[in-house]
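> Take a look at final-v7.cif, mmCIF, C-alpha atoms:
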data_protein
#
loop_
_atom_site.label_atom_id
_atom_site.label_comp_id
_atom_site.auth_asym_id
_atom_site.auth_seq_id
_atom_site.Cartn_x
_atom_site.Cartn_y
_atom_site.Cartn_z
CA MET A 1 14.65 -9.64 21.16
CA THR A 2 13.82 -13.07 22.40
CA GLY A 3 12.95 -14.84 19.15
CA ARG A 4 11.88 -17.82 21.29
CA ARG A 5 9.03 -20.02 20.13
CA ARG A 6 6.80 -22.22 22.20
CA THR A 7 6.71 -25.90 21.38
CA ALA A 8 2.99 -26.00 20.57
CA PHE A 9 3.78 -26.74 16.94
CA PRO A 10 6.10 -29.76 16.53
CA ARG A 11 7.84 -29.84 13.17
CA PRO A 12 7.67 -33.28 11.52
CA PHE A 13 9.87 -34.14 8.58
CA PRO A 14 12.06 -31.00 8.84
CA SER A 15 14.30 -32.02 5.94
CA LEU A 16 11.32 -32.52 3.64
CA ILE A 17 9.82 -29.14 4.59
CA GLY A 18 13.15 -27.40 4.18
CA THR A 19 13.66 -28.91 0.75
CA ALA A 20 10.19 -27.84 -0.40
CA ALA A 21 10.68 -24.31 0.87
CA ALA A 22 14.03 -24.04 -0.84
CA GLY A 23 12.52 -25.35 -4.07
CA ALA A 24 9.76 -22.73 -3.96
CA LEU A 25 12.36 -20.03 -3.42
CA LEU A 26 14.47 -21.17 -6.37
CA LEU A 27 11.64 -21.76 -8.81
CA SER A 28 9.34 -18.83 -8.12
CA GLY A 29 11.25 -16.21 -6.19
CA CYS A 30 8.95 -16.87 -3.22
CA GLY A 31 9.81 -17.93 0.32
CA VAL A 32 7.84 -19.88 2.93
CA LEU A 33 7.72 -19.41 6.66
CA PRO A 34 7.91 -23.05 7.73
CA GLY A 35 6.11 -24.59 10.65
CA GLY A 36 4.50 -27.79 11.80
CA SER A 37 1.05 -29.11 12.55
CA GLY A 38 -0.66 -29.10 15.90
CA GLY A 39 -3.15 -27.11 17.96
CA SER A 40 -6.93 -27.54 17.82
CA GLY A 41 -7.22 -27.26 14.04
CA GLU A 42 -5.36 -27.53 10.76
CA PRO A 43 -2.75 -24.85 10.00
CA VAL A 44 -3.93 -21.73 8.20
CA THR A 45 -1.85 -20.98 5.10
CA VAL A 46 -1.96 -17.52 3.52
CA MET A 47 0.16 -15.53 1.09
CA THR A 48 1.56 -11.99 1.21
CA TRP A 49 3.18 -10.46 -1.86
CA ALA A 50 4.98 -7.20 -2.58
CA PRO A 51 7.80 -5.93 -4.77
CA ASP A 52 11.03 -6.63 -2.93
CA LYS A 53 14.14 -7.00 -5.07
CA VAL A 54 13.67 -4.69 -8.05
CA ASP A 55 16.29 -3.35 -10.46
CA ASP A 56 14.25 -0.68 -12.26
CA ALA A 57 14.84 2.76 -10.76
CA ASP A 58 11.20 3.66 -11.40
CA ALA A 59 9.85 0.53 -9.70
CA VAL A 60 8.30 0.54 -6.25
CA SER A 61 9.96 -1.60 -3.57
CA THR A 62 8.19 -2.46 -0.31
CA PRO A 63 10.21 -5.20 1.42
CA GLY A 64 8.70 -4.27 4.78
CA VAL A 65 5.33 -5.71 3.76
CA PRO A 66 6.33 -9.41 3.50
CA ALA A 67 8.77 -8.95 6.37
CA MET A 68 5.92 -7.72 8.57
CA ALA A 69 3.79 -10.69 7.53
CA LYS A 70 6.48 -13.14 8.59
CA THR A 71 7.04 -11.25 11.83
CA TYR A 72 3.32 -11.40 12.62
CA ALA A 73 3.35 -15.16 12.04
CA ARG A 74 6.30 -15.65 14.39
CA TRP A 75 4.50 -13.67 17.07
CA ILE A 76 1.06 -15.24 16.75
CA ASN A 77 2.50 -18.76 16.62
CA ASP A 78 4.49 -18.04 19.77
CA GLN A 79 1.14 -17.21 21.41
CA GLY A 80 -0.32 -20.57 20.38
CA GLY A 81 -1.48 -19.65 16.90
CA ILE A 82 -4.84 -18.28 15.79
CA ASP A 83 -7.45 -20.04 17.90
CA GLY A 84 -5.03 -22.97 18.21
CA ARG A 85 -4.17 -23.06 14.52
CA GLU A 86 -0.66 -22.42 13.28
CA LEU A 87 -0.34 -19.56 10.82
CA ARG A 88 1.82 -20.31 7.80
CA VAL A 89 2.84 -17.42 5.55
CA ILE A 90 4.04 -17.81 1.97
CA VAL A 91 5.70 -14.67 0.62
CA CYS A 92 6.11 -13.80 -3.05
CA ASP A 93 8.13 -11.06 -4.74
CA GLU A 94 5.87 -9.62 -7.45
CA GLY A 95 8.66 -7.38 -8.73
CA ASP A 96 6.34 -4.41 -9.34
CA SER A 97 5.33 -5.92 -12.66
CA ALA A 98 2.07 -7.17 -14.14
CA MET A 99 3.70 -10.51 -14.96
CA GLY A 100 5.05 -10.87 -11.44
CA ALA A 101 1.68 -10.03 -9.86
CA GLU A 102 -0.07 -12.63 -12.01
CA ARG A 103 2.62 -15.21 -11.17
CA CYS A 104 2.15 -14.66 -7.44
CA ALA A 105 -1.63 -14.87 -7.75
CA ARG A 106 -1.38 -18.16 -9.65
CA GLN A 107 0.87 -19.56 -6.97
CA ALA A 108 -1.65 -18.51 -4.31
CA VAL A 109 -4.38 -20.39 -6.16
CA ASP A 110 -2.18 -23.45 -6.80
CA ARG A 111 -1.14 -23.60 -3.15
CA GLU A 112 -4.81 -23.33 -2.10
CA VAL A 113 -4.13 -20.54 0.39
CA ALA A 114 -6.97 -19.36 2.60
CA ALA A 115 -6.39 -15.74 1.58
CA VAL A 116 -3.90 -13.24 0.24
CA VAL A 117 -3.29 -10.86 3.14
CA GLY A 118 -1.76 -7.39 3.54
CA SER A 119 -0.02 -7.23 0.18
CA TYR A 120 1.19 -4.41 -2.09
CA SER A 121 0.78 -4.35 -5.86
CA ARG A 122 -0.07 -1.71 -8.43
CA HIS A 123 -1.20 -4.41 -10.87
CA GLY A 124 -4.69 -5.37 -9.77
CA GLN A 125 -5.78 -5.86 -13.36
CA SER A 126 -3.32 -8.79 -13.49
CA PHE A 127 -3.72 -10.45 -10.11
CA MET A 128 -7.39 -9.95 -9.25
CA PRO A 129 -8.90 -12.01 -12.13
CA VAL A 130 -6.63 -14.91 -11.16
CA LEU A 131 -7.73 -14.74 -7.52
CA GLU A 132 -11.37 -14.50 -8.56
CA SER A 133 -11.08 -17.57 -10.78
CA GLY A 134 -9.55 -19.49 -7.87
CA GLY A 135 -11.95 -18.15 -5.24
CA VAL A 136 -9.16 -16.67 -3.09
CA PRO A 137 -10.09 -13.57 -1.03
CA TYR A 138 -7.78 -10.54 -0.94
CA ILE A 139 -7.73 -9.05 2.57
CA GLY A 140 -6.32 -5.65 3.39
CA GLY A 141 -4.17 -4.90 0.39
CA TYR A 142 -2.39 -1.55 0.48
CA GLY A 143 -4.91 0.00 -1.90
CA ALA A 144 -2.50 0.72 -4.74
CA SER A 145 -4.83 -0.55 -7.50
CA ASP A 146 -8.43 0.28 -8.36
CA GLU A 147 -9.43 -3.39 -8.56
CA GLU A 148 -9.00 -3.67 -4.79
CA PHE A 149 -12.04 -1.44 -4.39
CA ARG A 150 -14.17 -3.19 -7.03
CA SER A 151 -13.69 -6.96 -6.83
CA TYR A 152 -16.27 -8.98 -4.90
CA LEU A 153 -13.37 -10.96 -3.36
CA SER A 154 -11.49 -7.91 -2.12
CA TYR A 155 -11.82 -6.76 1.49
CA PRO A 156 -9.95 -3.45 1.84
CA VAL A 157 -9.12 -1.98 5.25
CA ASN A 158 -8.75 1.62 4.04
CA GLY A 159 -10.35 3.88 1.45
CA GLY A 160 -7.39 4.03 -0.92
CA GLN A 161 -6.09 7.16 -2.60
CA SER A 162 -9.64 8.29 -3.39
CA ALA A 163 -10.44 8.72 0.30
CA LEU A 164 -7.13 10.50 0.88
CA LEU A 165 -7.81 13.05 -1.86
CA ALA A 166 -11.39 13.65 -0.78
CA GLY A 167 -10.17 14.20 2.75
CA HIS A 168 -7.25 16.33 1.64
CA GLY A 169 -9.60 18.86 0.09
CA ARG A 170 -11.31 19.23 3.46
CA GLN A 171 -7.99 19.56 5.26
CA LEU A 172 -6.71 22.26 2.90
CA ALA A 173 -9.99 24.17 2.97
CA ARG A 174 -9.22 25.10 6.58
CA GLY A 175 -6.23 27.28 5.73
CA CYS A 176 -5.87 27.68 1.96
CA ASP A 177 -7.60 30.40 -0.03
CA ARG A 178 -6.54 28.77 -3.29
CA VAL A 179 -4.93 25.44 -4.13
CA SER A 180 -2.77 24.19 -7.01
CA LEU A 181 -2.86 20.44 -7.59
CA VAL A 182 0.12 18.87 -9.36
CA ARG A 183 -0.88 15.39 -10.46
CA PRO A 184 0.04 12.72 -13.04
CA ASP A 185 -1.01 13.15 -16.65
CA SER A 186 -2.69 9.74 -16.64
CA LEU A 187 -6.07 8.07 -16.46
CA GLY A 188 -5.74 7.64 -12.70
CA GLY A 189 -4.63 11.23 -12.30
CA ALA A 190 -7.65 12.53 -14.19
CA ARG A 191 -9.92 11.66 -11.25
CA MET A 192 -7.83 13.52 -8.68
CA PRO A 193 -9.12 17.08 -9.19
CA GLN A 194 -12.78 16.20 -8.71
CA LEU A 195 -12.00 14.26 -5.52
CA LEU A 196 -9.93 17.11 -4.09
CA ASN A 197 -12.51 19.68 -5.14
CA THR A 198 -15.34 18.06 -3.18
CA GLY A 199 -13.72 19.18 0.06
CA LEU A 200 -12.78 22.60 -1.23
CA LEU A 201 -16.22 23.40 -2.62
CA ALA A 202 -17.95 22.21 0.54
CA ALA A 203 -16.05 24.94 2.41
CA ASP A 204 -16.86 27.57 -0.23
CA ARG A 205 -13.31 27.55 -1.58
CA PRO A 206 -12.67 27.74 -5.32
CA GLU A 207 -11.73 24.64 -7.25
CA SER A 208 -8.07 23.74 -7.44
CA THR A 209 -5.87 24.74 -10.35
CA ASP A 210 -5.10 21.52 -12.23
CA ILE A 211 -1.43 21.14 -13.21
CA LEU A 212 -0.51 18.03 -15.18
CA ALA A 213 2.90 16.40 -14.85
CA PRO A 214 4.67 13.47 -16.58
CA GLU A 215 4.91 10.47 -14.29
CA ASN A 216 8.62 9.71 -14.71
CA ALA A 217 10.23 13.13 -15.09
CA THR A 218 13.59 13.96 -13.51
CA SER A 219 12.65 17.63 -13.09
CA TYR A 220 9.39 19.49 -12.62
CA ASP A 221 10.53 23.09 -13.12
CA GLU A 222 7.70 23.83 -15.56
CA GLN A 223 5.01 22.54 -13.19
CA ALA A 224 6.59 24.30 -10.21
CA ALA A 225 6.60 27.59 -12.13
CA LYS A 226 2.89 27.18 -12.91
CA ALA A 227 2.13 26.45 -9.26
CA LEU A 228 3.95 29.64 -8.24
CA LYS A 229 2.43 31.82 -10.95
CA PRO A 230 0.38 34.68 -9.44
CA GLY A 231 -3.31 33.91 -9.68
CA ALA A 232 -2.73 30.35 -10.88
CA GLY A 233 -2.05 28.65 -7.61
CA GLY A 234 -2.66 30.86 -4.64
CA SER A 235 -1.62 30.01 -1.15
CA CYS A 236 -1.23 26.21 -1.16
CA VAL A 237 0.46 23.73 -3.50
CA THR A 238 -0.26 20.04 -3.26
CA ALA A 239 1.57 17.36 -5.25
CA VAL A 240 0.36 13.78 -5.56
CA LEU A 241 2.96 12.13 -7.78
CA GLY A 242 3.84 9.00 -5.86
CA SER A 243 7.59 8.45 -5.72
CA ARG A 244 8.11 11.56 -7.90
CA THR A 245 6.58 13.89 -5.31
CA GLU A 246 10.00 14.42 -3.77
CA THR A 247 11.37 15.37 -7.21
CA PHE A 248 8.62 17.96 -7.69
CA PHE A 249 9.22 19.63 -4.35
CA ASP A 250 12.96 19.78 -5.09
CA SER A 251 12.08 21.80 -8.21
CA PHE A 252 9.53 23.83 -6.28
CA ARG A 253 12.01 24.75 -3.53
CA ARG A 254 14.59 25.92 -6.06
CA LEU A 255 12.12 28.19 -7.87
CA LYS A 256 10.19 29.59 -4.91
CA PRO A 257 11.14 33.26 -4.34
CA GLN A 258 12.96 33.94 -1.07
CA GLY A 259 10.54 34.75 1.70
CA GLU A 260 7.37 33.87 -0.23
CA ARG A 261 4.89 32.06 1.99
CA VAL A 262 3.36 29.13 0.15
CA LYS A 263 2.09 26.13 2.07
CA ILE A 264 2.77 22.68 0.65
CA SER A 265 0.83 19.47 1.10
CA SER A 266 0.31 15.89 -0.10
CA VAL A 267 -1.16 12.55 0.91
CA LEU A 268 0.38 9.42 2.38
CA GLY A 269 1.76 7.25 -0.38
CA SER A 270 3.36 10.32 -1.93
CA VAL A 271 4.88 11.59 1.34
CA SER A 272 5.69 9.37 4.32
CA GLN A 273 7.66 9.48 7.54
CA PRO A 274 10.51 7.41 6.03
CA LEU A 275 10.73 9.94 3.17
CA ILE A 276 10.80 12.84 5.62
CA ASN A 277 13.58 11.12 7.57
CA ARG A 278 15.56 10.45 4.40
CA THR A 279 15.30 14.05 3.19
CA GLY A 280 16.57 15.71 6.33
CA GLY A 281 14.08 15.25 9.13
CA ARG A 282 13.65 18.71 10.69
CA GLU A 283 15.49 20.19 7.71
CA SER A 284 13.33 18.29 5.22
CA PRO A 285 11.58 20.29 2.48
CA PHE A 286 8.37 18.79 3.83
CA GLU A 287 8.62 20.59 7.17
CA GLY A 288 5.27 22.26 7.81
CA ALA A 289 3.47 20.28 5.07
CA TYR A 290 -0.15 19.21 5.48
CA ILE A 291 -0.58 15.46 4.95
CA THR A 292 -3.74 13.35 4.83
CA GLY A 293 -3.46 9.71 5.94
CA TRP A 294 -5.62 6.68 6.65
CA TYR A 295 -4.53 5.85 10.18
CA PRO A 296 -3.41 7.61 13.37
CA ASP A 297 0.05 9.19 13.14
CA ALA A 298 2.97 6.83 13.72
CA GLY A 299 3.63 8.20 17.22
CA ASP A 300 0.13 7.34 18.43
CA ALA A 301 -0.02 4.89 21.35
CA ARG A 302 -2.40 2.66 19.40
CA TRP A 303 0.61 1.43 17.39
CA ASN A 304 2.48 0.28 20.52
CA GLY A 305 1.34 -3.34 20.16
CA MET A 306 2.70 -3.56 16.62
CA ARG A 307 5.95 -1.88 17.65
CA GLU A 308 6.45 -4.35 20.47
CA VAL A 309 5.89 -7.31 18.13
CA ILE A 310 8.44 -5.87 15.69
CA ARG A 311 10.94 -5.31 18.49
CA LYS A 312 10.67 -8.89 19.74
CA TYR A 313 10.08 -10.92 16.59
CA ALA A 314 11.59 -9.10 13.61
CA PHE A 315 15.09 -10.34 14.54
CA GLY A 316 16.70 -7.06 13.55
CA ASP A 317 15.17 -6.95 10.06
CA ASN A 318 15.86 -3.37 9.01
CA SER A 319 13.32 -3.55 6.19
CA ILE A 320 10.49 -3.23 8.72
CA ASP A 321 9.89 0.42 9.53
CA PRO A 322 6.93 0.80 11.93
CA ASP A 323 6.40 4.31 10.55
CA ASP A 324 5.82 2.94 7.02
CA THR A 325 2.19 2.85 5.87
CA GLY A 326 2.71 -0.46 4.07
CA VAL A 327 3.92 -2.11 7.28
CA GLN A 328 1.01 -0.59 9.19
CA THR A 329 -1.54 -1.77 6.64
CA THR A 330 -0.11 -5.29 6.77
CA TRP A 331 -0.47 -5.32 10.56
CA ILE A 332 -4.12 -4.27 10.25
CA ALA A 333 -4.76 -6.84 7.50
CA TYR A 334 -3.42 -9.67 9.66
CA THR A 335 -5.50 -8.40 12.56
CA ALA A 336 -8.49 -8.82 10.25
CA LEU A 337 -7.39 -12.32 9.26
CA ARG A 338 -7.11 -13.31 12.91
CA ALA A 339 -10.65 -12.12 13.66
CA VAL A 340 -12.05 -13.97 10.65
CA VAL A 341 -10.29 -17.24 11.43
CA GLU A 342 -11.48 -17.08 15.03
CA ALA A 343 -15.03 -16.50 13.80
CA ILE A 344 -14.97 -19.55 11.51
CA GLY A 345 -14.56 -22.10 14.28
CA ASP A 346 -14.09 -25.13 11.99
CA ASP A 347 -11.04 -27.37 12.09
CA THR A 348 -10.16 -26.52 8.49
CA VAL A 349 -9.96 -22.94 7.23
CA THR A 350 -10.39 -22.59 3.48
CA ALA A 351 -10.63 -19.67 1.09
CA ASN A 352 -14.35 -20.26 0.68
CA LYS A 353 -14.93 -20.26 4.45
CA VAL A 354 -12.91 -17.08 4.87
CA ALA A 355 -14.88 -15.26 2.15
CA SER A 356 -18.20 -16.54 3.53
CA SER A 357 -17.32 -15.39 7.05
CA LEU A 358 -16.37 -11.95 5.77
CA ASN A 359 -19.55 -11.64 3.72
CA ARG A 360 -21.68 -12.67 6.69
CA GLY A 361 -20.26 -9.82 8.77
CA ALA A 362 -17.26 -11.07 10.73
CA GLU A 363 -16.31 -8.07 12.86
CA VAL A 364 -12.75 -6.76 13.05
CA ASP A 365 -11.69 -4.57 15.97
CA THR A 366 -8.29 -3.05 15.14
CA GLY A 367 -7.78 -1.40 18.51
CA GLY A 368 -8.77 2.03 17.24
CA LEU A 369 -6.40 2.08 14.26
CA THR A 370 -9.50 2.05 12.04
CA PRO A 371 -13.20 2.00 12.81
CA VAL A 372 -14.59 -1.47 13.44
CA LEU A 373 -14.48 -3.20 10.04
CA ARG A 374 -17.20 -5.36 8.47
CA TRP A 375 -17.85 -6.21 4.83
CA ARG A 376 -21.54 -7.03 4.75
CA PHE A 377 -23.46 -5.66 1.79
CA LYS A 378 -24.95 -2.88 3.91
CA ASP A 379 -21.47 -1.87 5.16
CA LEU A 380 -20.13 -1.21 1.64
CA LEU A 381 -19.96 2.35 0.36
CA GLY A 382 -21.39 1.01 -2.89
CA THR A 383 -20.37 4.00 -4.99
CA SER A 384 -18.88 3.49 -8.42
CA PRO A 385 -15.92 3.36 -9.02
CA TYR A 386 -15.13 2.14 -5.47
CA PRO A 387 -18.05 -0.04 -4.31
CA ARG A 388 -15.97 -2.16 -1.88
CA ILE A 389 -14.89 0.61 0.49
CA VAL A 390 -16.11 0.05 4.06
CA ASN A 391 -13.69 2.44 5.79
CA ALA A 392 -13.92 6.00 4.44
CA ASP A 393 -12.17 7.54 7.46
CA VAL A 394 -8.97 9.59 7.09
CA THR A 395 -6.71 11.53 9.44
CA PHE A 396 -5.30 15.05 9.14
CA GLN A 397 -1.59 15.32 9.89
CA VAL A 398 1.18 17.92 9.64
CA VAL A 399 4.99 17.71 9.60
CA ARG A 400 6.47 19.42 12.65
CA GLU A 401 10.03 19.07 13.87
CA GLY A 402 10.55 16.39 11.23
CA ARG A 403 7.68 14.20 12.44
CA LEU A 404 4.19 13.53 11.14
CA ILE A 405 1.83 14.38 13.97
CA ALA A 406 -1.92 14.82 14.29
CA TYR A 407 -3.20 18.12 12.88
CA LYS A 408 -6.73 17.29 13.97
CA LYS A 409 -7.54 14.64 16.56
CA GLY A 410 -9.61 11.67 15.54
CA PHE A 411 -10.90 10.45 12.21
CA VAL A 412 -12.72 12.36 9.48
CA ASP A 413 -15.40 10.45 7.53
CA VAL A 414 -15.29 11.30 3.81
CA ALA A 415 -17.96 8.84 2.63
CA GLU A 416 -20.25 11.66 1.56
CA ALA A 417 -17.44 13.38 -0.36
CA LEU A 418 -16.66 10.14 -2.20
CA SER A 419 -20.31 9.77 -3.11
CA ASP A 420 -20.41 13.36 -4.38
CA ALA A 421 -17.13 13.25 -6.31
CA ARG A 422 -18.60 12.21 -9.65
CA ARG A 423 -21.23 14.95 -9.49
CA THR A 424 -18.51 17.48 -8.62
CA GLY A 425 -16.47 16.36 -11.62
CA ALA A 426 -19.29 17.37 -13.93
CA GLY A 427 -19.02 20.98 -12.79
CA ARG A 428 -16.33 23.57 -13.37
CA SER A 429 -12.80 22.33 -13.84
CA ALA A 430 -9.40 23.63 -14.83
CA ASP A 431 -8.18 23.01 -18.36
CA ARG A 432 -5.23 20.77 -19.26
CA THR A 433 -2.74 23.63 -19.51
CA GLY A 434 -2.88 24.42 -15.83
CA SER A 435 -4.89 27.62 -16.32
CA PRO A 436 -8.29 28.19 -14.70
CA SER A 437 -11.35 27.74 -16.90
CA PRO A 438 -13.00 30.99 -18.03
CA ASP A 439 -15.77 30.82 -15.47
CA ALA A 440 -13.48 29.98 -12.55
CA PRO A 441 -13.38 32.57 -9.77
#
Go ahead and render the structure in this file as C-alpha cells.

Amino acid sequence: MTGRRRTAFPRPFPSLIGTAAAGALLLSGCGVLPGGSGGSGEPVTVMTWAPDKVDDADAVSTPGVPAMAKTYARWINDQGGIDGRELRVIVCDEGDSAMGAERCARQAVDREVAAVVGSYSRHGQSFMPVLESGGVPYIGGYGASDEEFRSYLSYPVNGGQSALLAGHGRQLARGCDRVSLVRPDSLGGARMPQLLNTGLLAADRPESTDILAPENATSYDEQAAKALKPGAGGSCVTAVLGSRTETFFDSFRRLKPQGERVKISSVLGSVSQPLINRTGGRESPFEGAYITGWYPDAGDARWNGMREVIRKYAFGDNSIDPDDTGVQTTWIAYTALRAVVEAIGDDTVTANKVASSLNRGAEVDTGGLTPVLRWRFKDLLGTSPYPRIVNADVTFQVVREGRLIAYKKGFVDVAEALSDARRTGAGRSADRTGSPSPDAP
C-alpha cells in the first residue's frame, strides 16, 4: 500500500477543518473525509451512510460500505479528482434504525451534498421523504428498501431483491422439479412467491410451495420439516430470510435424512461469499447451493480495478471485503457519480445539477459489471411497484469448493418476469400453512 496523495489539493486552514470534522463526529456520529480546494472546479461533496456500530443482535451492520466510499475518494483524489474536482465524502452511521436513517438524511440536506451515494439502509420510508424535500438524489443504494425503486430522486444500479427472486425462479427451473420457498411472514415476504413463480411457470414447472417463517426466530425446525415433507417441497429448497437464512439451513441440515438428495438455494443478500467463508468454506452447509446475484461473481476479472484500489488505498481496513455485495455496489455507485460529474462540466456541482444530468441521460459505463446505465424516462422499467429499475439483469451462480462462481456465463434479463409478476400473483398460490392449494399439481 502506498497511501500517497498528490499535492493537487492544498489543504488551507487544517486546524479549522479538523475541528469541524471532529465536531461532526461527536455531535452526529458521522465522520468526514477532509480535503482542500483546488483543481478546475469546486469540490464535490457527497454522503454515504450505512449501519456501522450497532448493539442489537438483530441489526444489520455494513461497515464496508462507508469504508469503501472513503477508499474511493482517496483513490480518485490521488488521480487528480473527478474532472479536476476534489471528491469529499461525509459518512454517517444510520444504526439500522428509522431514526438514524432520517438523521443522516437531514444532515445530507443541511450540508447541501450533491448526492447520497452507494449507501445501505432498510429504512427508505424514513430517509427518502427527507431527501425529496431537500432535492438530494440517491445514487446506487444497495436496494434494501422499496422506496429506492419508487422515488423520482432515486437512481438504483441494480434491480433489488425483486429482480433476484424473478431470476432465481428461472435458475431453479433448470434443475428442480419442485421448489419449496421459505420466506418471511411479512408484507415484504408476501410478494416473494409470485416473483419466484414467474420463472418456474415460464419453464412449465409447478408453483413453489410457500412456507412462512418468523423473521427473528432462533430455530426453524418446523419450517425445515415442512420443506422436507414428501410432496410438499420436492427436489429444491430455497430460503430467503436475510440474516436468518443461515439459521434456517442449520435447522434444515440437522433434520435432513442421511443420504437424501435435496438441493438448496438462495439469493445474494441472504447468502454471500463472506457468509460462506465464515461457515466453513468448502465445508460450509452452502456447498453446492444455487445463488442468484446482481453482478459477476467475485472472482471475475472485471472486479480487478476495485480490488487494486482497495489494496492500495484502504490502508489495511479489514471492514472492506471485496467479495461483499455492499462493497461492490458502493464501487458501482461511485463509478456512476464520476460519470455524472464529468458530464455536468460546470465549475459547481449541485444536487439539482446531478439530478438533471441523470434525468437527461448521463451514461454510466461500469466496465461490464452491469449493463450501461441510464435513467431517462424511456430507460425505466416503469412497472409498479418498482418503476425506477433500469437494470433488470441478474447472474446465476453456484457454490463450489467454497466459492461463488458463475453457473451460467453472462447476464440474464428478468425485466419481462418483473412485468409479469403481478399477473402471476393473481393465479394459483400456496396457502399460508405451507400446503399446496387444492388445484396445485
> List the neighbours of Thr330 of chain A out to 8 Å using only C-alpha atoms; skip same-chain residues closer than 2 positions along the sequence, and give me the result as a VMD selection string.
chain A and resid 65 68 to 69 117 to 119 140 to 142 326 to 328 332 to 334
> Taking only C-alpha atoms into account, which of A:Ala301, A:Gln107, A:Cys92, A:Ala115 comes nearest Val130 of chain A?
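Closest to Val130 of chain A, using only C-alpha atoms: A:Gln107.
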> Please report the interatomic distance between atom CA of Lys378 of chain A and atom CA of Glu363 of chain A in Å with one decimal.
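Distance reported for this atom pair: 13.5 Å.
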> Please write the residues picked by the PyMOL selection byres ((chain A and resi 195) around 7) on this file as a compact mmCIF listing (two decimals) with C-alpha atoms, keeping the file's coordinate frame.

# COMPACT_ATOMS: atom_id res chain seq x y z
CA SER A 162 -9.64 8.29 -3.39
CA LEU A 165 -7.81 13.05 -1.86
CA ALA A 166 -11.39 13.65 -0.78
CA ARG A 191 -9.92 11.66 -11.25
CA MET A 192 -7.83 13.52 -8.68
CA PRO A 193 -9.12 17.08 -9.19
CA GLN A 194 -12.78 16.20 -8.71
CA LEU A 196 -9.93 17.11 -4.09
CA ASN A 197 -12.51 19.68 -5.14
CA THR A 198 -15.34 18.06 -3.18
CA ALA A 421 -17.13 13.25 -6.31
> Show which residues sit within 12 Å of Asp317 of chain A, as a VMD selection string. Count only C-alpha atoms, and ignore same-chain residues fewer than 5 positions away.
chain A and resid 1 63 to 68 70 to 71 310 to 312 322
> Could those selected residues go to a file with C-alpha atoms, as a compact mmCIF listing (two decimals), in the frame of the given file?

# COMPACT_ATOMS: atom_id res chain seq x y z
CA MET A 1 14.65 -9.64 21.16
CA PRO A 63 10.21 -5.20 1.42
CA GLY A 64 8.70 -4.27 4.78
CA VAL A 65 5.33 -5.71 3.76
CA PRO A 66 6.33 -9.41 3.50
CA ALA A 67 8.77 -8.95 6.37
CA MET A 68 5.92 -7.72 8.57
CA LYS A 70 6.48 -13.14 8.59
CA THR A 71 7.04 -11.25 11.83
CA ILE A 310 8.44 -5.87 15.69
CA ARG A 311 10.94 -5.31 18.49
CA LYS A 312 10.67 -8.89 19.74
CA PRO A 322 6.93 0.80 11.93
> Which residue out of A:Ala73, A:Ala392, A:Val179, A:Ala213 has the minimum interatomic distance to Arg244 of chain A when only C-alpha atoms are used?
A:Ala213
> Expanded to explicit residues, what is the PyMOL selection byres ((chain A and resi 248-262) around 12) for this file, as an NGL selection string?
:A and (175-184 or 211-230 or 233-247 or 263-266 or 270-271 or 279 or 284-290)
> What would the selection look like, as an MDAnalysis selection string, if the PyMOL selection byres ((chain A and resi 379) around 10) were run on the coordinates I just shared?
chainID A and resid 361 373:378 380:382 388:391
> Would you mind reading off the distance between atom CA of Glu342 of chain A and atom CA of Ala144 of chain A, one decimal, in Å?
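A separation of 28.1 Å between them.
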> Quick one, how far is atom CA of Lys353 of chain A from atom CA of Ala114 of chain A?
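Computed distance, atom CA of Lys353 of chain A to atom CA of Ala114 of chain A, equals 8.2 Å.
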> With only C-alpha atoms as the basis for distance, which of A:Val136, A:Leu172, A:Ala406, A:Val60 is at the shortest distance from Ser97 of chain A?
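Ranking A:Val136, A:Leu172, A:Ala406, A:Val60 by distance to Ser97 of chain A, first place goes to A:Val60.
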> Could you pull the residues within 7 Å of Val412 of chain A, counting all atoms listed in the file, minus those fewer than 5 positions along the same chain, as a PyMOL selection string?
chain A and resi 393-395
> I need the residue nearest Trp331 of chain A from this list: A:Leu200, A:Val91, A:Met306, A:Ala163. Use all atoms listed in the file for the distance.
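The shortest atom-to-atom distance to Trp331 of chain A comes from A:Met306.
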> Given the choices A:Asp55, A:Glu42, A:Gln161, A:Asp78, which gets closest to Val309 of chain A if the distance is worked out from only C-alpha atoms?
A:Asp78
> Using all atoms listed in the file for the distances, tell me which of A:Gly281, A:Arg106, A:Pro371, A:Asp210 is nearest to Asp185 of chain A.
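Using all atoms listed in the file, Asp185 of chain A sits closest to A:Asp210.
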